[in-house]
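target35.cif, holding mmCIF, C-alpha atoms:
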```cif
data_structure
loop_
_atom_site.label_atom_id
_atom_site.label_comp_id
_atom_site.auth_asym_id
_atom_site.auth_seq_id
_atom_site.Cartn_x
_atom_site.Cartn_y
_atom_site.Cartn_z
CA MET U 1 -6.83 -4.94 25.98
CA ALA U 2 -3.96 -6.98 24.54
CA GLU U 3 -3.45 -10.54 25.74
CA VAL U 4 -0.35 -12.64 26.17
CA LYS U 5 -0.57 -16.43 26.28
CA ILE U 6 1.95 -18.36 28.33
CA LYS U 7 2.16 -22.12 27.84
CA LEU U 8 3.78 -24.45 30.37
CA ASN U 9 4.74 -28.07 29.83
CA THR U 10 5.79 -29.38 33.23
CA ARG U 11 6.62 -32.80 31.79
CA GLU U 12 9.27 -31.54 29.35
CA SER U 13 12.54 -30.97 31.17
CA THR U 14 14.88 -28.40 29.62
CA GLY U 15 17.81 -28.66 32.02
CA LYS U 16 18.57 -26.62 35.11
CA ILE U 17 17.75 -23.05 36.06
CA ARG U 18 21.12 -21.41 36.43
CA LYS U 19 21.95 -19.25 39.45
CA LEU U 20 23.41 -16.39 37.46
CA ASN U 21 22.44 -13.72 39.97
CA GLY U 22 25.69 -12.51 41.42
CA GLY U 23 25.70 -9.02 42.89
CA ASN U 24 28.11 -6.31 43.92
CA LEU U 25 28.60 -5.32 47.58
CA GLY U 26 26.69 -6.17 50.71
CA PRO U 27 24.95 -4.54 53.68
CA GLN U 28 27.06 -1.57 54.76
CA LEU U 29 28.58 -1.24 58.21
CA ALA U 30 27.79 2.43 58.74
CA GLY U 31 24.68 2.99 60.85
CA GLU U 32 23.55 0.30 63.26
CA MET U 33 19.89 0.61 62.35
CA SER U 34 20.40 0.71 58.58
CA GLY U 35 23.01 -2.04 58.70
CA SER U 36 20.72 -4.36 60.66
CA TYR U 37 17.80 -3.63 58.37
CA MET U 38 19.76 -4.33 55.22
CA ARG U 39 21.21 -7.55 56.61
CA ASP U 40 17.70 -8.87 57.18
CA SER U 41 16.39 -8.06 53.71
CA TYR U 42 19.64 -8.68 51.82
CA LYS U 43 19.45 -12.36 52.69
CA GLU U 44 16.15 -12.57 50.81
CA LEU U 45 17.94 -11.84 47.52
CA ASN U 46 19.55 -15.31 47.56
CA LEU U 47 22.50 -14.05 45.51
CA ALA U 48 25.06 -16.34 43.89
CA PHE U 49 27.81 -14.13 45.33
CA ALA U 50 28.66 -10.61 46.44
CA ARG U 51 31.54 -9.09 44.49
CA MET U 52 33.62 -6.74 46.60
CA HIS U 53 34.39 -3.68 44.52
CA ASP U 54 33.96 -0.05 45.66
CA ALA U 55 33.25 -1.20 49.22
CA PRO U 56 35.05 1.76 50.87
CA LEU U 57 32.94 4.19 48.84
CA CYS U 58 29.77 2.81 50.42
CA ASN U 59 31.06 2.54 53.98
CA ALA U 60 32.10 5.95 55.26
CA ASN U 61 35.28 6.03 57.34
CA CYS U 62 35.70 2.27 56.97
CA PRO U 63 38.88 1.27 55.13
CA MET U 64 38.20 -2.16 53.67
CA VAL U 65 38.78 -4.70 50.88
CA ASP U 66 41.17 -2.58 48.78
CA ILE U 67 44.86 -3.41 48.98
CA SER U 68 45.62 0.16 50.07
CA SER U 69 42.93 -0.02 52.76
CA ILE U 70 44.11 -3.27 54.29
CA PHE U 71 47.83 -2.55 53.87
CA PRO U 72 47.99 1.27 53.90
CA LEU U 73 51.76 1.84 54.23
CA PHE U 74 53.34 0.04 51.32
CA HIS U 75 56.92 0.55 52.54
CA LEU U 76 56.33 -1.53 55.67
CA ASP U 77 57.03 -5.25 56.10
CA GLU U 78 54.26 -7.25 54.40
CA ASN U 79 55.00 -10.27 56.58
CA CYS U 80 54.18 -8.44 59.82
CA ARG U 81 50.58 -8.79 61.09
CA GLU U 82 50.63 -5.35 62.73
CA ASN U 83 50.89 -3.63 59.33
CA TYR U 84 47.47 -4.88 58.17
CA ARG U 85 44.01 -3.49 58.92
CA PHE U 86 41.52 -6.34 58.59
CA VAL U 87 38.86 -5.36 61.10
CA HIS U 88 36.44 -3.48 58.83
CA THR U 89 36.66 -6.09 56.08
CA ASP U 90 36.22 -8.85 58.67
CA ASP U 91 32.97 -7.27 59.86
CA TYR U 92 31.78 -6.52 56.34
CA PHE U 93 32.28 -10.10 55.24
CA HIS U 94 30.46 -11.27 58.36
CA ASN U 95 27.44 -9.29 57.14
CA CYS U 96 27.49 -11.15 53.83
CA ILE U 97 28.81 -14.61 54.55
CA VAL U 98 27.57 -15.33 58.07
CA ASP U 99 24.44 -13.18 58.40
CA ALA U 100 23.17 -13.35 54.81
CA GLY U 101 24.69 -16.64 53.64
CA THR U 102 26.09 -14.96 50.52
CA PRO U 103 29.48 -16.10 49.17
CA VAL U 104 32.09 -13.39 48.69
CA PHE U 105 33.78 -12.70 45.35
CA TYR U 106 37.01 -10.84 46.18
CA ARG U 107 38.35 -8.12 43.91
CA LEU U 108 42.08 -7.63 44.59
CA GLY U 109 42.94 -4.04 43.76
CA GLU U 110 41.42 -0.62 44.32
CA SER U 111 38.08 1.16 44.19
CA ILE U 112 37.37 3.65 41.43
CA ASP U 113 39.20 6.96 41.90
CA HIS U 114 37.20 10.02 40.82
CA SER U 115 39.57 12.46 42.53
CA ILE U 116 41.57 15.04 40.57
CA ASN U 117 44.81 13.65 41.95
CA LYS U 118 44.79 9.88 41.75
CA TYR U 119 46.09 8.23 44.92
CA PHE U 120 46.00 4.44 44.67
CA ILE U 121 45.73 3.42 41.01
CA THR U 122 49.31 3.79 39.87
CA PRO U 123 51.01 0.52 38.88
CA PRO U 124 52.49 -1.10 42.01
CA LYS U 125 56.18 -0.18 42.27
CA ASP U 126 57.02 -3.62 43.68
CA VAL U 127 54.83 -6.28 42.10
CA ASP U 128 56.40 -9.11 44.10
CA LYS U 129 55.51 -7.34 47.34
CA TRP U 130 51.99 -6.63 46.04
CA ILE U 131 51.61 -10.37 45.38
CA ASN U 132 52.77 -11.18 48.90
CA ILE U 133 50.22 -8.75 50.35
CA ALA U 134 47.45 -10.24 48.21
CA SER U 135 48.54 -13.73 49.29
CA ASN U 136 48.35 -12.80 52.97
CA ILE U 137 44.86 -11.41 52.43
CA ILE U 138 43.83 -14.67 50.75
CA ARG U 139 45.31 -16.68 53.60
CA HIS U 140 43.64 -14.49 56.23
CA TYR U 141 40.19 -15.17 54.76
CA THR U 142 40.59 -18.76 53.59
CA GLU U 143 43.31 -20.34 55.75
CA GLY U 144 42.84 -18.60 59.11
CA LEU U 145 46.10 -16.62 58.97
CA TRP U 146 46.49 -14.06 61.79
CA ASP U 147 43.26 -14.90 63.64
CA GLY U 148 41.51 -15.09 60.31
CA PHE U 149 38.81 -17.26 58.78
CA HIS U 150 38.26 -20.37 56.72
CA TYR U 151 35.69 -18.89 54.36
CA ASN U 152 35.01 -20.63 51.07
CA ILE U 153 35.93 -17.64 48.90
CA GLU U 154 36.41 -19.24 45.50
CA TYR U 155 36.86 -16.28 43.14
CA TRP U 156 39.79 -13.84 43.30
CA GLU U 157 39.80 -11.11 40.67
CA ILE U 158 42.89 -9.12 39.77
CA TRP U 159 42.13 -5.40 39.49
CA ASN U 160 39.10 -3.64 38.02
CA GLU U 161 38.54 -1.77 34.75
CA PRO U 162 42.20 -1.03 33.88
CA ASN U 163 41.00 0.52 30.62
CA LEU U 164 38.48 2.96 32.12
CA GLY U 165 39.23 6.47 30.90
CA GLY U 166 38.17 9.75 32.47
CA ASN U 167 35.54 12.00 30.91
CA LYS U 168 37.38 13.73 28.08
CA ARG U 169 34.28 15.77 27.20
CA LEU U 170 34.47 17.47 30.58
CA ASP U 171 38.24 17.57 30.81
CA PRO U 172 40.50 16.98 27.76
CA ASN U 173 43.30 16.13 30.19
CA ALA U 174 41.26 13.70 32.26
CA LYS U 175 43.22 10.75 33.58
CA ASN U 176 42.11 7.15 33.65
CA LEU U 177 40.03 6.25 36.69
CA MET U 178 41.43 2.82 37.52
CA TRP U 179 44.98 2.40 36.10
CA LEU U 180 47.51 5.15 35.37
CA GLY U 181 49.97 2.96 33.49
CA THR U 182 49.77 1.78 29.91
CA GLN U 183 47.68 -1.21 28.95
CA GLU U 184 50.87 -3.11 28.11
CA GLU U 185 52.11 -2.46 31.63
CA PHE U 186 48.84 -3.79 32.96
CA TYR U 187 49.09 -6.98 30.91
CA ALA U 188 52.54 -7.63 32.37
CA PHE U 189 51.30 -6.89 35.90
CA PHE U 190 48.26 -9.12 35.52
CA GLY U 191 50.27 -11.95 34.00
CA LYS U 192 52.83 -12.00 36.80
CA VAL U 193 50.19 -11.81 39.54
CA ALA U 194 47.93 -14.46 38.00
CA LYS U 195 50.79 -16.94 37.52
CA GLU U 196 52.08 -16.57 41.06
CA LEU U 197 48.69 -16.62 42.79
CA LYS U 198 47.63 -19.68 40.82
CA LYS U 199 50.87 -21.41 41.79
CA ARG U 200 50.35 -20.59 45.46
CA PHE U 201 46.61 -21.29 45.48
CA PRO U 202 45.87 -23.81 42.70
CA HIS U 203 42.49 -24.70 44.24
CA LEU U 204 41.17 -21.13 43.89
CA LYS U 205 39.85 -19.44 40.74
CA ILE U 206 42.04 -16.54 39.64
CA GLY U 207 40.95 -14.19 36.87
CA GLY U 208 39.93 -10.75 35.73
CA PRO U 209 40.55 -8.06 34.69
CA ALA U 210 36.99 -6.66 34.88
CA HIS U 211 37.31 -4.70 31.66
CA SER U 212 35.07 -1.70 31.12
CA GLY U 213 33.16 -3.02 28.14
CA PHE U 214 33.91 -5.86 25.76
CA SER U 215 35.27 -5.45 22.24
CA ASP U 216 37.97 -6.70 19.92
CA GLU U 217 40.02 -3.60 20.75
CA VAL U 218 39.66 -3.89 24.54
CA SER U 219 39.46 -7.62 25.19
CA GLY U 220 41.41 -9.02 22.26
CA PRO U 221 44.92 -7.73 23.08
CA PHE U 222 44.56 -8.76 26.72
CA ILE U 223 43.43 -12.32 26.01
CA LYS U 224 46.04 -12.64 23.24
CA TYR U 225 48.77 -11.56 25.68
CA CYS U 226 47.60 -14.09 28.25
CA ALA U 227 47.61 -16.88 25.68
CA GLU U 228 51.05 -16.03 24.31
CA ASN U 229 52.53 -15.85 27.82
CA ASN U 230 50.81 -18.91 29.31
CA VAL U 231 48.88 -16.84 31.84
CA PRO U 232 46.25 -18.89 33.74
CA LEU U 233 42.76 -17.46 33.35
CA ASP U 234 40.10 -19.28 35.32
CA PHE U 235 37.58 -16.59 34.46
CA TYR U 236 37.45 -13.56 32.19
CA SER U 237 35.42 -10.65 33.53
CA TYR U 238 34.04 -7.47 31.98
CA HIS U 239 31.33 -4.86 32.58
CA GLY U 240 28.48 -3.26 30.69
CA TYR U 241 25.38 -1.12 31.13
CA ASP U 242 22.51 -1.01 28.65
CA GLY U 243 18.83 -0.25 28.18
CA ASP U 244 18.01 -3.13 25.82
CA PRO U 245 17.68 -6.51 27.59
CA LYS U 246 18.10 -8.32 24.28
CA GLY U 247 21.04 -6.29 23.03
CA TRP U 248 24.67 -5.88 24.12
CA LEU U 249 24.28 -7.87 27.35
CA GLN U 250 23.14 -10.90 25.34
CA LYS U 251 25.54 -10.56 22.41
CA THR U 252 28.84 -10.11 24.24
CA PRO U 253 28.90 -13.41 26.17
CA VAL U 254 28.72 -15.18 22.80
CA LEU U 255 31.56 -13.04 21.44
CA ALA U 256 33.59 -13.57 24.61
CA ARG U 257 33.18 -17.34 24.32
CA GLU U 258 34.34 -17.24 20.70
CA MET U 259 37.38 -15.11 21.57
CA LEU U 260 38.41 -17.20 24.57
CA ASP U 261 38.04 -20.42 22.58
CA LYS U 262 40.10 -18.93 19.74
CA TYR U 263 43.03 -18.41 22.10
CA GLY U 264 42.72 -21.79 23.77
CA TYR U 265 40.79 -20.77 26.89
CA LYS U 266 37.95 -23.21 26.28
CA ASP U 267 37.29 -23.81 29.99
CA THR U 268 37.59 -20.18 31.10
CA GLU U 269 34.41 -18.89 32.71
CA ILE U 270 32.71 -15.70 31.51
CA HIS U 271 31.69 -13.18 34.18
CA LEU U 272 29.79 -10.04 33.28
CA ASN U 273 30.19 -8.95 36.87
CA GLU U 274 29.03 -5.36 36.67
CA TRP U 275 25.80 -4.68 34.83
CA HIS U 276 22.71 -2.59 35.35
CA TYR U 277 19.74 -1.08 33.57
CA PHE U 278 20.83 2.20 32.01
CA PRO U 279 18.61 3.66 29.27
CA GLY U 280 20.20 7.11 29.43
CA ASP U 281 23.07 9.34 28.41
CA TRP U 282 26.36 9.04 30.28
CA HIS U 283 27.39 12.63 29.58
CA ARG U 284 24.13 14.05 30.92
CA LEU U 285 24.40 11.78 33.94
CA ARG U 286 27.72 13.45 34.79
CA THR U 287 26.69 17.05 33.98
CA ASP U 288 22.92 17.51 34.49
CA ALA U 289 21.87 17.39 38.17
CA VAL U 290 18.11 17.11 37.48
CA TYR U 291 18.64 14.35 34.93
CA LYS U 292 21.00 12.55 37.29
CA LYS U 293 18.51 12.65 40.15
CA ASN U 294 15.73 11.24 37.98
CA MET U 295 17.93 8.48 36.60
CA TYR U 296 19.20 7.40 40.01
CA ASN U 297 15.92 7.65 41.90
CA ASN U 298 13.42 6.53 39.27
CA GLU U 299 14.71 4.90 36.11
CA MET U 300 17.50 2.74 37.52
CA LYS U 301 15.59 1.58 40.59
CA GLY U 302 12.06 1.44 39.22
CA ILE U 303 9.71 -1.12 37.72
CA ASP U 304 11.36 -0.99 34.29
CA SER U 305 14.66 -1.85 35.98
CA ALA U 306 13.07 -4.79 37.84
CA ALA U 307 11.67 -6.13 34.57
CA PHE U 308 14.91 -5.48 32.70
CA LEU U 309 17.09 -7.45 35.11
CA ASN U 310 14.75 -10.44 35.11
CA MET U 311 14.52 -10.47 31.32
CA VAL U 312 18.31 -10.30 31.06
CA MET U 313 18.87 -13.22 33.42
CA THR U 314 16.06 -15.26 31.86
CA LEU U 315 17.64 -14.88 28.42
CA TRP U 316 21.07 -15.62 29.87
CA GLN U 317 19.88 -19.13 30.74
CA ASP U 318 20.71 -20.25 27.22
CA SER U 319 23.89 -18.21 26.75
CA PRO U 320 27.59 -19.00 27.37
CA ILE U 321 27.75 -16.69 30.39
CA THR U 322 28.81 -18.22 33.72
CA TYR U 323 27.78 -15.44 36.12
CA GLY U 324 26.45 -11.94 36.13
CA GLY U 325 27.07 -9.40 38.87
CA TYR U 326 24.37 -6.78 39.37
CA TYR U 327 25.81 -3.40 40.36
CA THR U 328 24.87 -2.85 43.17
CA CYS U 329 22.93 -4.69 45.88
CA ASN U 330 23.14 -2.01 48.56
CA ASN U 331 21.96 1.61 48.94
CA SER U 332 24.42 3.28 46.56
CA ALA U 333 23.14 5.47 43.74
CA TRP U 334 23.27 2.36 41.55
CA GLY U 335 21.84 0.14 44.28
CA CYS U 336 18.55 -1.65 44.84
CA TYR U 337 17.77 0.23 48.08
CA GLU U 338 16.75 3.85 48.50
CA THR U 339 19.89 5.84 49.27
CA ALA U 340 18.36 7.96 52.04
CA SER U 341 15.96 5.55 53.74
CA ASN U 342 17.53 2.15 52.89
CA SER U 343 14.07 0.97 51.83
CA PRO U 344 13.94 -1.75 49.17
CA THR U 345 13.08 -0.48 45.69
CA ALA U 346 11.37 -2.15 42.75
CA SER U 347 14.74 -3.41 41.53
CA PHE U 348 15.28 -5.06 44.93
CA PHE U 349 12.04 -6.98 44.50
CA GLY U 350 13.05 -7.83 40.95
CA LEU U 351 16.26 -9.39 42.27
CA LYS U 352 14.28 -11.13 44.99
CA ALA U 353 11.95 -12.64 42.39
CA TYR U 354 14.89 -14.15 40.52
CA GLY U 355 16.33 -15.30 43.83
CA GLU U 356 13.10 -17.25 44.30
CA ILE U 357 12.95 -18.95 40.91
CA VAL U 358 16.43 -20.44 41.37
CA ARG U 359 15.07 -22.34 44.39
CA TYR U 360 13.14 -24.43 41.80
CA PRO U 361 16.12 -25.64 39.77
CA GLU U 362 14.57 -28.30 37.53
CA ARG U 363 13.64 -26.24 34.49
CA PHE U 364 10.66 -27.20 32.37
CA ALA U 365 9.35 -25.95 29.04
CA ALA U 366 7.65 -22.56 28.95
CA SER U 367 6.81 -20.21 26.08
CA SER U 368 5.27 -16.82 25.41
CA ASP U 369 3.52 -15.56 22.27
CA ASN U 370 4.83 -12.01 22.82
CA GLU U 371 8.46 -11.18 22.01
CA ASN U 372 8.59 -8.65 24.86
CA VAL U 373 7.50 -11.22 27.43
CA VAL U 374 9.83 -14.00 28.58
CA VAL U 375 9.20 -16.97 30.86
CA LEU U 376 11.35 -19.11 33.13
CA ALA U 377 9.77 -22.05 34.92
CA GLY U 378 11.00 -24.74 37.26
CA LYS U 379 10.14 -27.16 40.03
CA ASN U 380 11.82 -28.37 43.18
CA THR U 381 12.37 -31.87 44.51
CA SER U 382 8.97 -31.78 46.24
CA GLY U 383 7.21 -31.17 42.93
CA GLU U 384 6.27 -27.57 43.75
CA LYS U 385 6.43 -25.30 40.71
CA CYS U 386 7.44 -21.70 40.19
CA VAL U 387 7.04 -19.52 37.09
CA LEU U 388 8.80 -16.19 36.51
CA ILE U 389 7.15 -14.04 33.83
CA THR U 390 8.71 -10.77 32.73
CA GLY U 391 7.10 -8.15 30.51
CA PHE U 392 9.48 -5.33 29.59
CA LYS U 393 7.80 -2.16 28.30
CA THR U 394 4.73 -3.98 27.05
CA SER U 395 2.21 -1.49 28.45
CA VAL U 396 -0.93 -2.90 30.14
CA ILE U 397 -1.61 -6.54 29.26
CA ASP U 398 -3.83 -9.42 30.33
CA TYR U 399 -1.95 -12.68 30.89
CA ILE U 400 -3.33 -16.16 30.27
CA VAL U 401 -1.15 -18.96 31.63
CA GLU U 402 -2.01 -22.45 30.35
CA LEU U 403 -0.70 -25.49 32.24
CA ASP U 404 -0.67 -29.11 31.16
CA GLU U 405 -2.74 -30.07 34.20
CA CYS U 406 -5.58 -28.68 36.25
CA VAL U 407 -4.81 -26.81 39.46
CA ARG U 408 -6.87 -25.76 42.45
CA PRO U 409 -7.20 -22.03 43.16
CA GLU U 410 -5.99 -22.54 46.73
CA ASP U 411 -2.75 -24.07 45.41
CA VAL U 412 -1.84 -21.06 43.26
CA GLU U 413 -0.23 -17.81 44.37
CA VAL U 414 0.40 -14.95 41.93
CA ARG U 415 2.72 -12.14 43.02
CA LEU U 416 3.39 -9.04 40.93
CA ILE U 417 5.79 -6.17 40.61
CA ASP U 418 3.88 -3.28 39.08
CA GLU U 419 2.69 0.15 40.15
CA ASN U 420 0.34 -1.40 42.73
CA HIS U 421 2.46 -4.34 43.90
CA MET U 422 6.00 -4.90 45.14
CA LEU U 423 6.10 -8.67 44.77
CA SER U 424 2.86 -8.80 46.69
CA VAL U 425 -0.15 -11.03 45.99
CA GLN U 426 -2.35 -10.17 43.02
CA GLU U 427 -5.73 -10.57 44.69
CA ASN U 428 -7.71 -10.61 41.44
CA ALA U 429 -5.94 -13.49 39.73
CA ILE U 430 -8.38 -16.08 38.36
CA VAL U 431 -7.64 -19.81 38.46
CA GLU U 432 -9.94 -22.07 36.41
CA GLY U 433 -9.06 -25.65 35.49
CA ASN U 434 -5.63 -25.52 33.85
CA THR U 435 -5.65 -21.74 33.33
CA ILE U 436 -4.35 -18.84 35.43
CA LYS U 437 -5.39 -15.33 34.41
CA PHE U 438 -4.12 -12.03 35.76
CA SER U 439 -3.42 -8.47 34.63
CA HIS U 440 -1.16 -5.61 35.64
CA ARG U 441 -1.31 -1.84 35.54
CA SER U 442 2.12 -0.56 34.58
CA TYR U 443 4.39 -0.20 31.57
CA SER U 444 6.56 -3.13 32.67
CA MET U 445 5.81 -6.07 34.95
CA VAL U 446 7.28 -9.07 36.76
CA ALA U 447 5.08 -11.95 37.92
CA LEU U 448 6.08 -14.81 40.19
CA ILE U 449 3.62 -17.69 40.24
CA LYS U 450 3.96 -20.51 42.77
CA ILE U 451 1.97 -23.73 42.42
CA LYS U 452 1.84 -26.27 45.23
CA ALA U 453 2.38 -29.93 44.42
#
```
Please go through the file and, once you have read it, give me the structure as structure tokens.
Amino acid sequence: MAEVKIKLNTRESTGKIRKLNGGNLGPQLAGEMSGSYMRDSYKELNLAFARMHDAPLCNANCPMVDISSIFPLFHLDENCRENYRFVHTDDYFHNCIVDAGTPVFYRLGESIDHSINKYFITPPKDVDKWINIASNIIRHYTEGLWDGFHYNIEYWEIWNEPNLGGNKRLDPNAKNLMWLGTQEEFYAFFGKVAKELKKRFPHLKIGGPAHSGFSDEVSGPFIKYCAENNVPLDFYSYHGYDGDPKGWLQKTPVLAREMLDKYGYKDTEIHLNEWHYFPGDWHRLRTDAVYKKNMYNNEMKGIDSAAFLNMVMTLWQDSPITYGGYYTCNNSAWGCYETASNSPTASFFGLKAYGEIVRYPERFAASSDNENVVVLAGKNTSGEKCVLITGFKTSVIDYIVELDECVRPEDVEVRLIDENHMLSVQENAIVEGNTIKFSHRSYSMVALIKIKA
């Protein structure tokens, strides 16, 4: 059987472990039992934030978050409290912020519209009024307006995927799914909104536009427009799905940094705030029911997915990215819970493993002799150590972890995610002197090793 050697040097500090693990969405409101259950486990993920996009799609009969959900009748007076519906969003945010301790990342705009007739994604007919509505939402959640709250919601994103086209292979006349105007019209809309919101709320971070993908053709004209028109851009956000943890998701933050710097946005943060493991075919996902079921239930929530997400975030430690946003952290088809039962999946435990390693923020040197195995290691202020090892599609392997000091067996705990473990203790791990040995029995694997001081 193949072996992988992991070497740890606890005396060589390499900086801080970065809490890059943002997510999308929180525990849904629908269903008292399922909601309670998800609130309890969701807290264990220790997410950097919960981005609020597509919330109404995951909470049946609960209008929330979207501008059209909170202010449904656009012709009414935006300065009148009675014309707003905050209650569902209030309760939803309570699930995240109060119950789970997860900061909210607010997307100002609309959820994706897959309907034949698009209802809410036309360019706002009165941008000034739209800005006033958005401002009242901000004040309700951060300044206590209208029996509101004083939440520390730092990030406010303008719109989502304005460039996302419909499936032309299925329908040559398919409309865009998020913005029915031209891209030039969107740039003007974004610029006006960003300038005014930043003027009204200079202490908050205003950005966007959550592009679908990143490229010179998609991102370049937008960033160029912002630069030429002095549009503030506290963060630039975009989305991507891939099956290679070392590929597109690693390359684009570097390209984004270069592009932002080129146009003078040297301090602008980079948020890849929708990403997920997707090793498949988008067309088949939309047209083949059997394929779709397998992808949703197995591939995208399984052990490979758990390993993928940990490898991505481990490699991101040394990249220009500011935050990622896993899509999603609830029971949606793209979520980390089973859709029917709300039970945590392997990808949930993968996220939980990363949520643990960030509790040991002082990073120290760690290396692997296998290119498909990555390591992230840190310690806390008490001197306790934690090591996150990820093997993506390595097949069955024996692991040998060498420390720079001897450890007692009773001070070492090895937890695995493989076909026999869901972040549970590997009972057969061997600890001898300065060496920890363990093995797994699946194609991919995640190991979380804790060492007492």
Leaving out U:Thr14 and any residue of its chain fewer than 6 positions from it, which residues lie within 7 Å of it when counting all atoms listed in the file, given as a list of chain:residue names?
-> U:Arg363, U:Phe364, U:Ala365
Skipping near chain neighbours, those fewer than 5 positions away, what residues fall within 8 Å of stretch 284-301 of chain U using all atoms listed in the file, listed as a ChimeraX atom specification?
-> /U:276-279,306,333-338,345-348
Kindly resolve the PyMOL selection byres ((chain U and resi 53-68) around 7) on the present coordinates and return the residues as a count of residues only.
-> 21
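Taking all atoms listed in the file into account, U:Leu309 lies nearest to U:Asp242 out of the set U:Glu356, U:Asp113, U:Asp242, U:Asp126.
Computed from the coordinates, the atom CA of U:Asp77 to atom CA of U:Lys129 distance equals 9.1 Å.
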Applied to the shown file, which residues does the PyMOL selection byres ((chain U and resi 162) around 7) return, written as number ranges by chain?
-> U: 160-161, 163-164, 178-179, 211
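Atom CA of U:Glu413 to atom CA of U:Asn46 spans 20.2 Å [interatomic distance, one decimal].
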Which protein, DNA or RNA residues have an atom at most 7 Å from (42.1, -18.1, 33.5), counting all atoms listed in the file? List them as an mmCIF file with C-alpha atoms, keeping the file's coordinate frame.
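Okay, part02.cif is ready:
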```cif
data_model
loop_
_atom_site.group_PDB
_atom_site.id
_atom_site.type_symbol
_atom_site.label_atom_id
_atom_site.label_comp_id
_atom_site.auth_asym_id
_atom_site.auth_seq_id
_atom_site.Cartn_x
_atom_site.Cartn_y
_atom_site.Cartn_z
ATOM 1 C CA ILE U 206 42.040 -16.540 39.640
ATOM 2 C CA GLY U 207 40.950 -14.190 36.870
ATOM 3 C CA PRO U 232 46.250 -18.890 33.740
ATOM 4 C CA LEU U 233 42.760 -17.460 33.350
ATOM 5 C CA ASP U 234 40.100 -19.280 35.320
ATOM 6 C CA PHE U 235 37.580 -16.590 34.460
ATOM 7 C CA TYR U 236 37.450 -13.560 32.190
ATOM 8 C CA THR U 268 37.590 -20.180 31.100
#
```
Taking the point (38.8, -19.0, 55.8) as given in the file, collect each protein or nucleic acid residue that comes within 12 Å of it, counting only C-alpha atoms, and present the set as an NGL selection string.
-> :U and (90 or 93-94 or 97 or 103-104 or 136-154)
Among U:Pro209, U:Gly26, U:Gly324, U:Pro123, U:Val98 is approached most closely, using all atoms listed in the file, by U:Gly26
Which one is closest to U:Ser382: U:Tyr360, U:Tyr399, U:Trp156, U:Tyr92? Count all atoms listed in the file.
->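 Among the listed residues, the smallest separation from U:Ser382 belongs to U:Tyr360.
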What separation in Å, quoted to one decimal, exists between atom CA of U:Gly280 and atom CA of U:Ile397?
->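 Interatomic distance, atom CA of U:Gly280 to atom CA of U:Ile397: 25.7 Å.
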Write out as a PyMOL selection string which residues come within 12 Å of U:Leu8 when counting all atoms listed in the file, dropping same-chain ones fewer than 4 positions away.
-> chain U and resi 12-14+363-368+375-379+385-389+400-406+434-436+449
Report as a PyMOL selection string the residues that result from applying the PyMOL selection byres ((chain U and resi 247-249) around 10) to the structure here.
-> chain U and resi 213-214+239-246+250-254+272+275-276+312-313+315-316+321+324
Might you pull out every residue within 10 Å of U:Phe190, with all atoms listed in the file counted and same-chain residues fewer than 3 positions away left off, and present them as an MDAnalysis selection string?
-> chainID U and resid 127 158:159 184:187 193:195 207:209 222 226 231
Write the residues you've just listed into a file as a tab-separated table (two decimals), in the coordinates of the input, and include C-alpha atoms for each of them.
```tsv
chain	number	residue	atom	x	y	z
U	127	VAL	CA	54.83	-6.28	42.10
U	158	ILE	CA	42.89	-9.12	39.77
U	159	TRP	CA	42.13	-5.40	39.49
U	184	GLU	CA	50.87	-3.11	28.11
U	185	GLU	CA	52.11	-2.46	31.63
U	186	PHE	CA	48.84	-3.79	32.96
U	187	TYR	CA	49.09	-6.98	30.91
U	193	VAL	CA	50.19	-11.81	39.54
U	194	ALA	CA	47.93	-14.46	38.00
U	195	LYS	CA	50.79	-16.94	37.52
U	207	GLY	CA	40.95	-14.19	36.87
U	208	GLY	CA	39.93	-10.75	35.73
U	209	PRO	CA	40.55	-8.06	34.69
U	222	PHE	CA	44.56	-8.76	26.72
U	226	CYS	CA	47.60	-14.09	28.25
U	231	VAL	CA	48.88	-16.84	31.84
```
Would you list the contacts of U:Thr102 as a list in words, taking every protein, DNA or RNA residue within 7 Å and counting all atoms listed in the file, but skipping same-chain residues closer than 4 positions in sequence?
->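 Close residues of U:Thr102: Leu47, Ala48, Phe49, Ala50, Cys96 and Ile97 of chain U.
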Enclose stretch 240-244 of chain U, meaning all of its atoms listed in the file, in a box aligned along x, y and z, pad it by 6 Å on each side, and list the centre and edge lengths in Å to one decimal, as AutoDock Vina command-line options.
```
--center_x 23.2 --center_y -1.8 --center_z 28.5 --size_x 22.5 --size_y 15.0 --size_z 17.3
```
U:Thr328, U:Asn176, U:Asn83, U:Asn370 ranked by distance to U:Ser115, top pick (using all atoms listed in the file) |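 Using all atoms listed in the file, U:Ser115 sits closest to U:Asn176.
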For U:Ile451, which residue out of U:Pro320, U:Gly15, U:Pro409, U:Gly166 is the nearest one, using only C-alpha atoms?
->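 Nearest to U:Ile451: U:Pro409.
In this comparison, which uses all atoms listed in the file, the residue of U:Glu269, U:Glu274, U:Glu384, U:Glu3 approaching U:Ser439 most closely is U:Glu3.
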